[in-house]
file data27.cif (mmCIF, N, CA and C atoms)
data_start
loop_
_atom_site.label_atom_id
_atom_site.label_comp_id
_atom_site.auth_asym_id
_atom_site.auth_seq_id
_atom_site.Cartn_x
_atom_site.Cartn_y
_atom_site.Cartn_z
N MET A 1 98.97 138.34 113.39
CA MET A 1 99.22 137.52 112.21
C MET A 1 100.42 136.59 112.44
N LEU A 2 101.50 137.14 112.97
CA LEU A 2 102.68 136.35 113.24
C LEU A 2 102.40 135.31 114.32
N GLU A 3 101.64 135.70 115.34
CA GLU A 3 101.29 134.77 116.42
C GLU A 3 100.45 133.61 115.88
N GLN A 4 99.52 133.90 114.98
CA GLN A 4 98.69 132.86 114.39
C GLN A 4 99.54 131.88 113.58
N ALA A 5 100.50 132.39 112.84
CA ALA A 5 101.40 131.54 112.06
C ALA A 5 102.23 130.66 112.99
N ARG A 6 102.70 131.22 114.09
CA ARG A 6 103.47 130.44 115.05
C ARG A 6 102.63 129.32 115.65
N LEU A 7 101.38 129.63 116.00
CA LEU A 7 100.48 128.62 116.56
C LEU A 7 100.16 127.53 115.55
N ASN A 8 99.97 127.90 114.30
CA ASN A 8 99.73 126.90 113.25
C ASN A 8 100.94 126.00 113.07
N TYR A 9 102.12 126.59 113.09
CA TYR A 9 103.36 125.83 112.96
C TYR A 9 103.50 124.86 114.13
N GLN A 10 103.24 125.35 115.33
CA GLN A 10 103.35 124.52 116.53
C GLN A 10 102.36 123.35 116.46
N ALA A 11 101.14 123.61 116.03
CA ALA A 11 100.14 122.54 115.91
C ALA A 11 100.57 121.52 114.87
N THR A 12 101.14 121.99 113.77
CA THR A 12 101.60 121.08 112.72
C THR A 12 102.73 120.19 113.23
N VAL A 13 103.66 120.77 113.95
CA VAL A 13 104.78 119.99 114.50
C VAL A 13 104.28 118.96 115.50
N LEU A 14 103.36 119.35 116.37
CA LEU A 14 102.82 118.41 117.36
C LEU A 14 102.07 117.27 116.68
N THR A 15 101.33 117.58 115.63
CA THR A 15 100.62 116.54 114.88
C THR A 15 101.61 115.58 114.24
N ALA A 16 102.66 116.12 113.66
CA ALA A 16 103.69 115.28 113.03
C ALA A 16 104.37 114.39 114.06
N LEU A 17 104.68 114.94 115.22
CA LEU A 17 105.30 114.12 116.27
C LEU A 17 104.36 113.01 116.73
N GLU A 18 103.09 113.31 116.84
CA GLU A 18 102.12 112.30 117.24
C GLU A 18 102.04 111.18 116.20
N GLU A 19 102.05 111.55 114.92
CA GLU A 19 102.01 110.54 113.85
C GLU A 19 103.26 109.65 113.89
N VAL A 20 104.41 110.26 114.13
CA VAL A 20 105.65 109.48 114.21
C VAL A 20 105.60 108.53 115.40
N GLU A 21 105.17 109.04 116.55
CA GLU A 21 105.09 108.20 117.75
C GLU A 21 104.11 107.05 117.55
N ASN A 22 102.97 107.33 116.97
CA ASN A 22 101.99 106.27 116.72
C ASN A 22 102.54 105.21 115.78
N ALA A 23 103.24 105.64 114.75
CA ALA A 23 103.83 104.69 113.80
C ALA A 23 104.91 103.85 114.47
N LEU A 24 105.74 104.47 115.32
CA LEU A 24 106.78 103.71 116.02
C LEU A 24 106.19 102.67 116.97
N VAL A 25 105.12 103.03 117.67
CA VAL A 25 104.46 102.09 118.56
C VAL A 25 103.86 100.95 117.75
N ALA A 26 103.23 101.27 116.63
CA ALA A 26 102.64 100.23 115.78
C ALA A 26 103.72 99.28 115.25
N ILE A 27 104.86 99.82 114.85
CA ILE A 27 105.96 98.98 114.37
C ILE A 27 106.42 98.04 115.47
N SER A 28 106.60 98.58 116.66
CA SER A 28 107.05 97.76 117.77
C SER A 28 106.05 96.64 118.09
N ASN A 29 104.79 97.00 118.18
CA ASN A 29 103.75 96.00 118.49
C ASN A 29 103.63 94.95 117.39
N ASN A 30 103.63 95.39 116.13
CA ASN A 30 103.51 94.44 115.03
C ASN A 30 104.74 93.55 114.91
N ASN A 31 105.91 94.09 115.19
CA ASN A 31 107.13 93.28 115.13
C ASN A 31 107.11 92.20 116.22
N GLU A 32 106.68 92.58 117.41
CA GLU A 32 106.57 91.61 118.50
C GLU A 32 105.56 90.51 118.17
N ARG A 33 104.43 90.92 117.61
CA ARG A 33 103.39 89.95 117.22
C ARG A 33 103.91 89.00 116.16
N ARG A 34 104.64 89.55 115.16
CA ARG A 34 105.20 88.71 114.10
C ARG A 34 106.18 87.69 114.65
N GLN A 35 107.02 88.11 115.60
CA GLN A 35 107.99 87.18 116.19
C GLN A 35 107.27 86.03 116.88
N LYS A 36 106.22 86.34 117.62
CA LYS A 36 105.46 85.29 118.30
C LYS A 36 104.78 84.37 117.30
N LEU A 37 104.24 84.93 116.22
CA LEU A 37 103.61 84.11 115.20
C LEU A 37 104.63 83.24 114.47
N ALA A 38 105.83 83.75 114.26
CA ALA A 38 106.88 82.95 113.62
C ALA A 38 107.26 81.76 114.51
N GLN A 39 107.34 82.00 115.82
CA GLN A 39 107.62 80.89 116.75
C GLN A 39 106.47 79.88 116.74
N ALA A 40 105.25 80.38 116.70
CA ALA A 40 104.08 79.48 116.66
C ALA A 40 104.08 78.67 115.37
N ALA A 41 104.47 79.28 114.26
CA ALA A 41 104.52 78.57 112.98
C ALA A 41 105.58 77.46 113.04
N ASP A 42 106.72 77.75 113.65
CA ASP A 42 107.75 76.71 113.80
C ASP A 42 107.22 75.53 114.62
N SER A 43 106.51 75.85 115.70
CA SER A 43 105.93 74.79 116.54
C SER A 43 104.88 74.00 115.78
N ALA A 44 104.08 74.70 114.99
CA ALA A 44 103.02 74.03 114.22
C ALA A 44 103.63 73.12 113.14
N ARG A 45 104.75 73.55 112.55
CA ARG A 45 105.42 72.68 111.56
C ARG A 45 105.94 71.41 112.22
N GLU A 46 106.50 71.56 113.42
CA GLU A 46 106.99 70.38 114.15
C GLU A 46 105.82 69.45 114.52
N THR A 47 104.72 70.06 114.95
CA THR A 47 103.53 69.26 115.28
C THR A 47 103.03 68.50 114.06
N LEU A 48 103.02 69.15 112.91
CA LEU A 48 102.59 68.49 111.68
C LEU A 48 103.51 67.34 111.34
N LYS A 49 104.81 67.55 111.47
CA LYS A 49 105.76 66.47 111.17
C LYS A 49 105.52 65.27 112.09
N ILE A 50 105.29 65.54 113.36
CA ILE A 50 105.02 64.44 114.31
C ILE A 50 103.74 63.73 113.93
N ALA A 51 102.70 64.50 113.57
CA ALA A 51 101.42 63.89 113.18
C ALA A 51 101.59 63.03 111.94
N GLU A 52 102.37 63.51 110.97
CA GLU A 52 102.60 62.73 109.75
C GLU A 52 103.38 61.45 110.07
N ASP A 53 104.38 61.56 110.94
CA ASP A 53 105.16 60.38 111.33
C ASP A 53 104.27 59.36 112.05
N ARG A 54 103.44 59.84 112.94
CA ARG A 54 102.54 58.93 113.67
C ARG A 54 101.53 58.28 112.73
N TYR A 55 101.06 59.04 111.74
CA TYR A 55 100.12 58.48 110.76
C TYR A 55 100.82 57.40 109.93
N SER A 56 102.06 57.69 109.50
CA SER A 56 102.82 56.72 108.71
C SER A 56 103.07 55.43 109.49
N SER A 57 103.19 55.56 110.81
CA SER A 57 103.44 54.39 111.66
C SER A 57 102.15 53.68 112.03
N GLY A 58 101.02 54.26 111.67
CA GLY A 58 99.73 53.66 111.98
C GLY A 58 99.26 53.94 113.39
N LEU A 59 99.84 54.93 114.06
CA LEU A 59 99.48 55.22 115.44
C LEU A 59 98.31 56.20 115.57
N THR A 60 97.98 56.88 114.48
CA THR A 60 96.88 57.84 114.54
C THR A 60 96.17 57.88 113.19
N ASP A 61 95.02 58.51 113.16
CA ASP A 61 94.26 58.60 111.91
C ASP A 61 94.66 59.85 111.13
N PHE A 62 94.19 59.93 109.90
CA PHE A 62 94.56 61.04 109.03
C PHE A 62 93.93 62.35 109.48
N LEU A 63 92.85 62.28 110.23
CA LEU A 63 92.21 63.50 110.73
C LEU A 63 93.18 64.33 111.58
N THR A 64 94.03 63.67 112.31
CA THR A 64 95.03 64.37 113.12
C THR A 64 96.00 65.15 112.22
N VAL A 65 96.40 64.53 111.11
CA VAL A 65 97.27 65.21 110.15
C VAL A 65 96.55 66.42 109.56
N LEU A 66 95.30 66.25 109.19
CA LEU A 66 94.53 67.35 108.62
C LEU A 66 94.37 68.49 109.62
N ASP A 67 94.11 68.17 110.87
CA ASP A 67 93.99 69.21 111.90
C ASP A 67 95.31 69.96 112.07
N SER A 68 96.42 69.24 112.02
CA SER A 68 97.74 69.88 112.14
C SER A 68 98.01 70.78 110.94
N GLN A 69 97.63 70.33 109.76
CA GLN A 69 97.81 71.16 108.56
C GLN A 69 96.96 72.43 108.65
N ARG A 70 95.72 72.28 109.09
CA ARG A 70 94.82 73.42 109.21
C ARG A 70 95.38 74.44 110.21
N SER A 71 95.89 73.95 111.33
CA SER A 71 96.48 74.85 112.33
C SER A 71 97.68 75.59 111.76
N LEU A 72 98.54 74.88 111.07
CA LEU A 72 99.72 75.51 110.47
C LEU A 72 99.32 76.57 109.46
N LEU A 73 98.37 76.25 108.60
CA LEU A 73 97.95 77.21 107.58
C LEU A 73 97.32 78.45 108.20
N LYS A 74 96.57 78.28 109.27
CA LYS A 74 95.96 79.43 109.96
C LYS A 74 97.05 80.33 110.54
N ILE A 75 98.04 79.73 111.17
CA ILE A 75 99.13 80.52 111.75
C ILE A 75 99.93 81.21 110.65
N GLU A 76 100.20 80.51 109.55
CA GLU A 76 100.94 81.12 108.45
C GLU A 76 100.14 82.27 107.83
N ASP A 77 98.82 82.13 107.76
CA ASP A 77 97.97 83.22 107.27
C ASP A 77 98.05 84.42 108.20
N ASP A 78 97.98 84.16 109.51
CA ASP A 78 98.12 85.25 110.48
C ASP A 78 99.49 85.91 110.38
N LEU A 79 100.52 85.12 110.14
CA LEU A 79 101.88 85.65 109.99
C LEU A 79 101.98 86.54 108.75
N ALA A 80 101.37 86.12 107.65
CA ALA A 80 101.37 86.95 106.44
C ALA A 80 100.62 88.26 106.68
N ASN A 81 99.49 88.19 107.37
CA ASN A 81 98.76 89.41 107.70
C ASN A 81 99.58 90.32 108.61
N GLY A 82 100.28 89.72 109.56
CA GLY A 82 101.14 90.49 110.45
C GLY A 82 102.26 91.19 109.70
N THR A 83 102.79 90.51 108.69
CA THR A 83 103.83 91.12 107.87
C THR A 83 103.28 92.32 107.11
N GLY A 84 102.06 92.18 106.61
CA GLY A 84 101.41 93.30 105.92
C GLY A 84 101.16 94.47 106.85
N GLU A 85 100.72 94.17 108.07
CA GLU A 85 100.49 95.24 109.05
C GLU A 85 101.79 95.93 109.43
N LEU A 86 102.86 95.17 109.58
CA LEU A 86 104.17 95.76 109.89
C LEU A 86 104.63 96.66 108.74
N THR A 87 104.46 96.20 107.53
CA THR A 87 104.84 97.01 106.37
C THR A 87 104.02 98.30 106.32
N GLY A 88 102.72 98.20 106.60
CA GLY A 88 101.88 99.39 106.63
C GLY A 88 102.34 100.39 107.69
N ALA A 89 102.72 99.89 108.84
CA ALA A 89 103.21 100.76 109.91
C ALA A 89 104.52 101.43 109.50
N GLN A 90 105.38 100.70 108.81
CA GLN A 90 106.64 101.27 108.33
C GLN A 90 106.38 102.36 107.29
N ILE A 91 105.40 102.15 106.44
CA ILE A 91 105.04 103.16 105.45
C ILE A 91 104.48 104.40 106.13
N ARG A 92 103.63 104.20 107.15
CA ARG A 92 103.09 105.35 107.89
C ARG A 92 104.21 106.14 108.56
N LEU A 93 105.22 105.45 109.08
CA LEU A 93 106.36 106.14 109.68
C LEU A 93 107.11 106.94 108.63
N PHE A 94 107.35 106.32 107.50
CA PHE A 94 108.05 106.99 106.41
C PHE A 94 107.31 108.26 105.99
N LYS A 95 105.99 108.14 105.85
CA LYS A 95 105.18 109.31 105.48
C LYS A 95 105.19 110.37 106.58
N ALA A 96 105.10 109.94 107.83
CA ALA A 96 105.09 110.89 108.95
C ALA A 96 106.40 111.66 109.03
N LEU A 97 107.48 111.03 108.60
CA LEU A 97 108.77 111.70 108.61
C LEU A 97 108.98 112.54 107.35
N GLY A 98 107.96 112.59 106.49
CA GLY A 98 108.03 113.44 105.30
C GLY A 98 108.70 112.79 104.12
N GLY A 99 108.70 111.49 104.08
CA GLY A 99 109.45 110.78 103.05
C GLY A 99 108.77 110.65 101.71
N GLY A 100 109.41 111.14 100.69
CA GLY A 100 109.22 110.84 99.30
C GLY A 100 107.85 110.92 98.66
N TRP A 101 107.01 111.80 99.05
CA TRP A 101 105.67 111.84 98.45
C TRP A 101 105.49 113.15 97.68
N SER A 102 106.38 113.39 96.74
CA SER A 102 106.28 114.62 95.95
C SER A 102 105.53 114.33 94.65
N PRO A 103 104.84 115.33 94.09
CA PRO A 103 104.06 115.11 92.87
C PRO A 103 104.90 114.97 91.62
N THR A 104 106.17 115.34 91.65
CA THR A 104 107.02 115.22 90.46
C THR A 104 107.98 114.06 90.65
N SER A 105 108.34 113.45 89.56
CA SER A 105 109.27 112.32 89.63
C SER A 105 110.71 112.83 89.69
N PRO A 106 111.65 112.05 90.21
CA PRO A 106 113.04 112.47 90.30
C PRO A 106 113.66 112.76 88.94
N THR A 107 113.26 112.00 87.90
CA THR A 107 113.83 112.23 86.57
C THR A 107 113.38 113.58 86.03
N THR A 108 112.15 113.99 86.32
CA THR A 108 111.66 115.29 85.87
C THR A 108 112.46 116.40 86.55
N ASP A 109 112.74 116.27 87.83
CA ASP A 109 113.52 117.27 88.55
C ASP A 109 114.93 117.39 87.98
N SER A 110 115.58 116.26 87.70
CA SER A 110 116.94 116.32 87.18
C SER A 110 116.96 116.83 85.75
N GLU A 111 115.92 116.56 84.96
CA GLU A 111 115.85 117.08 83.60
C GLU A 111 115.68 118.60 83.62
N ASN A 112 114.90 119.10 84.58
CA ASN A 112 114.68 120.54 84.68
C ASN A 112 115.94 121.27 85.12
N ALA A 113 116.81 120.58 85.86
CA ALA A 113 118.04 121.21 86.35
C ALA A 113 119.04 121.41 85.23
N SER A 114 118.93 120.66 84.14
CA SER A 114 119.89 120.74 83.04
C SER A 114 119.76 122.00 82.25
#

call {"tool": "encode", "arguments": {"input": "data27.cif", "output": "structure tokens"}}
result
Amino acid sequence: MLEQARLNYQATVLTALEEVENALVAISNNNERRQKLAQAADSARETLKIAEDRYSSGLTDFLTVLDSQRSLLKIEDDLANGTGELTGAQIRLFKALGGGWSPTSPTTDSENAS
């Protein structure tokens, strides 16, 4: 009986460690992806500004401006999705570390202590 409890405890700890490791890897990967997307968004904004300047000068057609806007919006959409994925990974880490998921609220606990 005691051996079975020890084995269950060991399996639970190993599962928890695996969840923490997976969440840390996801955070690292998503953070790196977000940084690259942020750099791409900066480049796309500069490209759009150049396209708008060239259009204002009569050097290019408006289709170039529209293509630049579309590219920027796509990258910004990917960046927003990346931010959501990073947040999800941070939540998974918080949960894996046992953070704050109790069925009672803090105010109920403090009221019961009085």

call {"tool": "resolve_selection", "arguments": {"input": "data27.cif", "expression": "the PyMOL selection byres (((chain A and resi 14-20 and name CA) around 8) and name CA)", "output": "ChimeraX atom specification"}}
result
/A:10-13,21-24,92-93,96-97

call {"tool": "atom_distance", "arguments": {"input": "data27.cif", "atom1": "CA of Ser68 in chain A", "atom2": "CA of Lys36 in chain A"}}
result
18.3 Å

call {"tool": "atom_distance", "arguments": {"input": "data27.cif", "atom1": "CA of Ser28 in chain A", "atom2": "CA of Glu46 in chain A"}}
result
27.6 Å

call {"tool": "closest_residue", "arguments": {"input": "data27.cif", "among": "A:Asn8, A:Leu73, A:Leu63, A:Lys95", "to": "Arg45 in chain A", "atoms": "all atoms listed in the file"}}
result
A:Leu73

call {"tool": "axis_aligned_box", "arguments": {"input": "data27.cif", "around": "range 94-99 of chain A", "padding_each_side": "8 Å", "output": "JSON"}}
result
{"center_x": 107.3, "center_y": 109.9, "center_z": 105.4, "size_x": 20.4, "size_y": 23.1, "size_z": 23.3}

call {"tool": "atom_distance", "arguments": {"input": "data27.cif", "atom1": "atom C of Arg70 in chain A", "atom2": "atom N of Ala51 in chain A"}}
result
12.8 Å

call {"tool": "closest_residue", "arguments": {"input": "data27.cif", "among": "A:Glu32, A:Ile27, A:Ile75, A:Arg54", "to": "Gly88 in chain A", "atoms": "all atoms listed in the file"}}
result
A:Ile27

call {"tool": "closest_residue", "arguments": {"input": "data27.cif", "among": "A:Val65, A:Gly99, A:Thr83, A:Phe94", "to": "Asn30 in chain A", "atoms": "all atoms listed in the file"}}
result
A:Thr83
